[in-house]
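Chemist: Sending over a structure as structure tokens; questions will come in a sec.
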Amino acid sequence: MSDFHHHDEDFRLHTPEFNELHKKMDRRNFLTKTSLGLGALAVGSLFGNNVFGSTRKATGNLEADILKALPQIAPKAKKVVYLFQAGGPSQFETFDYKPKLATMLGQNLPDSVRQGQRLTGMSANQSVLPLAPSFCKFNQHGQSQTWMSELMPHTAQVVDELCIVKSLYSDAINHDPAITFLQTGNQLPGRPSIGSWISYGLGSDNQNLPTFIVLVSKNAPKDQPLYARLWGNGFLPSKYQGVQFGSGKDPVLFLNNPEGYDGADRKEMLEYLSKLNNLQNTAYADPEVDARIAQYEMAARMQTSVPEVMSTAGEPKEIFDMYGPDSRDPGTYAANCLLARKLLEKNVKFVQLYHQGWDQHSNLPSGIAGQCKATDQATAALIKDLKQRGMLDDTLVIWGGEFGRTVYSQGKLSANDYGRDHHPRCFTMWMAGAGVKHGISYGETDDFSYNIIKDPVHVHDFQATLLHLMGINHELLTYQFQGRRFRLTDVEGKVVRDILS
């Protein structure tokens with residue numbers, strides 16, 4: 001059974017009666033003495049249905065419903081859209097301006113900078129590690145006078161909305177473990193994804209759509225694979241997994257009725273299936289049966305809600321123009337950004353976009369220019385669109401990949417052509433919207449963007465901060481599995497309070 005673990009000093013209830021009750025008995029005694037019956041339901045009603053600012057229906061697990069209703073932190077963000085740039089965007093060609101490198105083309109990376117840090121197998125055998133200054137020009141933008149690459153002119157227009165964190169670092173040096181670590185808190189597969197943890201901790205604000213929805217760009221370079229486990233539920237009940245929406249005729253596979261199968265047939269089949277599932281649940285008391293029943297019920301509701309939210313036919317021309325010409329082509333990054341806004345309007349709590357193609361070990365100048373062209377306008381448009389609708393006040397936007405890139409060139413180097421290897425020691429992400437300061441840069445790297453010299457932010461710190469913005473203490477959101485309590489941040493992580501508004 002799940003355990004949403006609390007300590008007395010970490011939460012306050014709205015009624016002194018319940019505080020007194022909590023002092024006299026622990027969770028197990030409380031639930032036992034009330035027999036999970038009317039007494040517990042009455043206490044649950046003390047919290048109301050609006051603790052988190054939204055109406056939430058019961059999940060069917062009374063213990064989880066009561067405990068998850070307990071307030072922890074006043075949430076700044078009610079929704080998240082996470083624009084994941086898979087492959088590791090180079091900080092040198094985007095946000096981390098290093099002008100001193102301009103005169104150091106081809107010089108070997110100093111040992112005093114590398115400090116014996118490990119390299120990947122792709123560059124470990126190079127006789128030299130030649131420095132590669134960025135081919136991009138940088139300019140200052142906005143009232144914040146933030147330095148930004150010429151490759152992102154649209155994002156530069158919204159730079160005063162951004163909280164740019166230049167001092168992220170990771171424990172993983174290769175793609176699969178690095179993405180898995182950022183998305184699940186562990187380098188090994190099998191843990192719940194960050195969206196699943198939020199779904200588990202906060203529940204749904206829209207009973208007709210999944211809490212956690214994933215969109216993958218159809219036209220991005222497939223330099224690194226994406227696995228469904230990156231948005232999987234791990235050991236959490238399956239109802240908390242991310243649901244991938246596609247761009248074809250059937251955006252959710254197997255959702256629509258088969259050809260020649262009408263609604264009455266489907267309803268009758270589901271009624272019989274529900275009876276069978278309830279019989280199995282009575283016999284085995286398996287929580288996955290509850291999850292299966294809930295998924296069938298959700299699927300039935302989604303048959304009417306999905307077609308509406310997936311249609312952009314009602315969007316005015318100026319919106320398509322703002323997101324760019326690709327926004328009319330379903331499944332592109334631009335179209336997915338527009339769709340993300342529609343999903344957020346429907347109070348989907350966590351929307352994650354994956355855009356592949358940022359893994360430039362060679363031909364980086366042309367490769368990253370193409371990636372920026374495919375994503376820059378739509379990314380900026382999403383921020384503008386959310387702001388003009390008043391949605392940026394309660395929506396957190398996140399942009400970034402799994403690690404950064406090396407200052408030295410992998411393989412052949414020239415003034416206009418080079419590649420960059422993986423670099424987990426420092427990389428850049430940004431956030432915008434609810435709960436974070438606007439128009440700031442946080443953290444600092446050395447002149448080679450190789451080591452962090454000020455305000456390091458570990459992956460677990462980022463995860464802890466995200467949960468904090470959603471109103472969750474990352475140390476308390478736990479789930480008991482195989483004899484121990486697990487959490488997204490494992491046994492680490494601290495909230496980066498300096499970036500909070």
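Residues are named by chain letter and number: chains run A, B, ... in the order of the structure tokens, numbers start at 1 in each chain, and ligands are numbered from 1 in the order shown.
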Would you mind listing what lies within 9 Å of Ile383 (chain A) as a count of residues only, with only C-alpha atoms counted and same-chain residues fewer than 5 positions away left out?
Modeler: 8
Chemist: Taking 6 positions as the minimum chain separation for residues in the same chain, which residues sit within 10 Å of Val351 (chain A) when counting only C-alpha atoms? Answer as a list in words.
Modeler: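 Once the adjacent positions are removed, what remains is Lys79, Val80, Val81, Tyr82, Leu83, Gly195, Pro210, Thr211, Phe212, Ile213, Val214, Leu215, Gly242, Val243, Gln244, Cys337, Leu339, Ala340, Arg341, Leu343, Leu344 and Val397 of chain A.
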Chemist: Quote the spacing between CA of Asp160 (chain A) and CA of Ile440 (chain A) in Å to one decimal place.
Modeler: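 That distance, rounded to one decimal, is 7.5 Å.
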Chemist: Rank nothing, just name the residue among A:Pro89, A:Pro133, A:Thr375, A:Val165 nearest to Glu444 (chain A), using only C-alpha atoms.
Modeler: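 With only C-alpha atoms as the atom set, the closest residue is A:Val165.
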Chemist: Would you kindly return, as a list in words, each protein, DNA or RNA residue with an atom no farther than 6 Å from any atom of region 482-489 of chain A, considering only C-alpha atoms and excluding same-chain residues fewer than 3 positions away?
Modeler: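 Residues near the query, excluding close chain neighbours: Gly185, His460, Thr478, Tyr479, Glu492 and Gly493 of chain A.
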Chemist: For each of A:Thr120, A:Asn233, A:Gln295, A:Ser305, take the minimum atom-to-atom distance to Asn208 (chain A), counting only C-alpha atoms, then give the residue where this is smallest.
Modeler: A:Ser305
Chemist: Quick one: of A:Ala369, A:Leu338, A:Ile173, A:Ala102, who's nearest to Gln117 (chain A), counting only C-alpha atoms?
Modeler: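 Once distances to Gln117 (chain A) are computed over only C-alpha atoms, the minimum belongs to A:Ile173.
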Chemist: Counting only C-alpha atoms, which of A:Ile452, A:Val306, A:Ile398, A:Met322 gets nearest to Asp385 (chain A)?
Modeler: A:Met322
Chemist: Restricting the calculation to only C-alpha atoms: of A:Ala132, A:Leu226, A:Leu101, A:Ala264, which residue gets closest to His175 (chain A)?
Modeler: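 Going through A:Ala132, A:Leu226, A:Leu101, A:Ala264 one by one, the smallest distance to His175 (chain A) is for A:Leu226.
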Chemist: In terms of the shortest atom-to-atom distance over only C-alpha atoms, which of A:Ser167, A:Thr94, A:Ser193, A:Ser501 is closest to Glu150 (chain A)?
Modeler: A:Thr94
Chemist: List the neighbours of Pro424 (chain A) out to 10 Å using only C-alpha atoms; skip same-chain residues closer than 6 positions along the sequence, and give me the result as a list in words.
Modeler: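 Residues near the query, excluding close chain neighbours: Gly88, Leu119, Leu168, Tyr169, Ser170, Asp171, Ala172, Ile173, Asn174, Ala178, Glu402, Phe403, Gly404, Arg405, Thr406, Tyr450 and Asn451 of chain A.
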Chemist: Keeping C-alpha atoms for every residue in the selection just given, could you write it to a file as a PDB file, in the first residue's frame?
Modeler:
ATOM      1  CA  GLY A  88      21.831  17.349 -24.786  1.00  0.00           C
ATOM      2  CA  LEU A 119      35.405  11.307 -20.586  1.00  0.00           C
ATOM      3  CA  LEU A 168      22.837  22.162 -13.594  1.00  0.00           C
ATOM      4  CA  TYR A 169      24.929  19.030 -13.235  1.00  0.00           C
ATOM      5  CA  SER A 170      24.234  15.315 -13.480  1.00  0.00           C
ATOM      6  CA  ASP A 171      25.802  12.042 -12.338  1.00  0.00           C
ATOM      7  CA  ALA A 172      25.344  10.350 -15.734  1.00  0.00           C
ATOM      8  CA  ILE A 173      27.590  10.784 -18.767  1.00  0.00           C
ATOM      9  CA  ASN A 174      25.675   8.806 -21.423  1.00  0.00           C
ATOM     10  CA  ALA A 178      21.192  10.601 -18.070  1.00  0.00           C
ATOM     11  CA  GLU A 402      19.802  15.633 -20.076  1.00  0.00           C
ATOM     12  CA  PHE A 403      23.310  17.154 -19.971  1.00  0.00           C
ATOM     13  CA  GLY A 404      25.567  19.693 -21.695  1.00  0.00           C
ATOM     14  CA  ARG A 405      28.397  19.486 -24.216  1.00  0.00           C
ATOM     15  CA  THR A 406      32.178  19.699 -24.013  1.00  0.00           C
ATOM     16  CA  TYR A 450      33.537  22.925 -17.859  1.00  0.00           C
ATOM     17  CA  ASN A 451      33.170  23.394 -14.097  1.00  0.00           C
TER      18      ASN A 451
END
Chemist: Among the residues of region 121-194 of chain A, find those DSSP assigns to strand (DSSP E) from the backbone and print them as a PDB file with C-alpha atoms, in the first residue's frame.
Modeler:
ATOM      1  CA  PHE A 138      25.776  36.508 -28.847  1.00  0.00           C
ATOM      2  CA  ASN A 139      23.867  39.688 -28.030  1.00  0.00           C
ATOM      3  CA  GLN A 140      22.205  41.116 -24.948  1.00  0.00           C
ATOM      4  CA  HIS A 141      18.417  41.182 -24.869  1.00  0.00           C
ATOM      5  CA  THR A 146      20.800  38.651 -20.896  1.00  0.00           C
ATOM      6  CA  TRP A 147      23.337  37.257 -23.360  1.00  0.00           C
ATOM      7  CA  MET A 148      21.706  34.936 -25.883  1.00  0.00           C
ATOM      8  CA  SER A 149      22.728  33.201 -29.082  1.00  0.00           C
ATOM      9  CA  LEU A 162      13.010  33.311 -18.227  1.00  0.00           C
ATOM     10  CA  CYS A 163      14.838  32.036 -15.178  1.00  0.00           C
ATOM     11  CA  ILE A 164      17.980  30.620 -16.806  1.00  0.00           C
ATOM     12  CA  VAL A 165      19.885  28.132 -14.664  1.00  0.00           C
ATOM     13  CA  LYS A 166      23.422  27.676 -16.015  1.00  0.00           C
ATOM     14  CA  SER A 167      24.754  25.442 -13.263  1.00  0.00           C
ATOM     15  CA  LEU A 168      22.837  22.162 -13.594  1.00  0.00           C
ATOM     16  CA  TYR A 169      24.929  19.030 -13.235  1.00  0.00           C
TER      17      TYR A 169
END
Chemist: Once DSSP has gone over the backbone, tell me which residues of region 176-269 of chain A are in alpha helix (DSSP H), as an MDAnalysis selection string.
Modeler: chainID A and resid 176:184 194:202 263:269
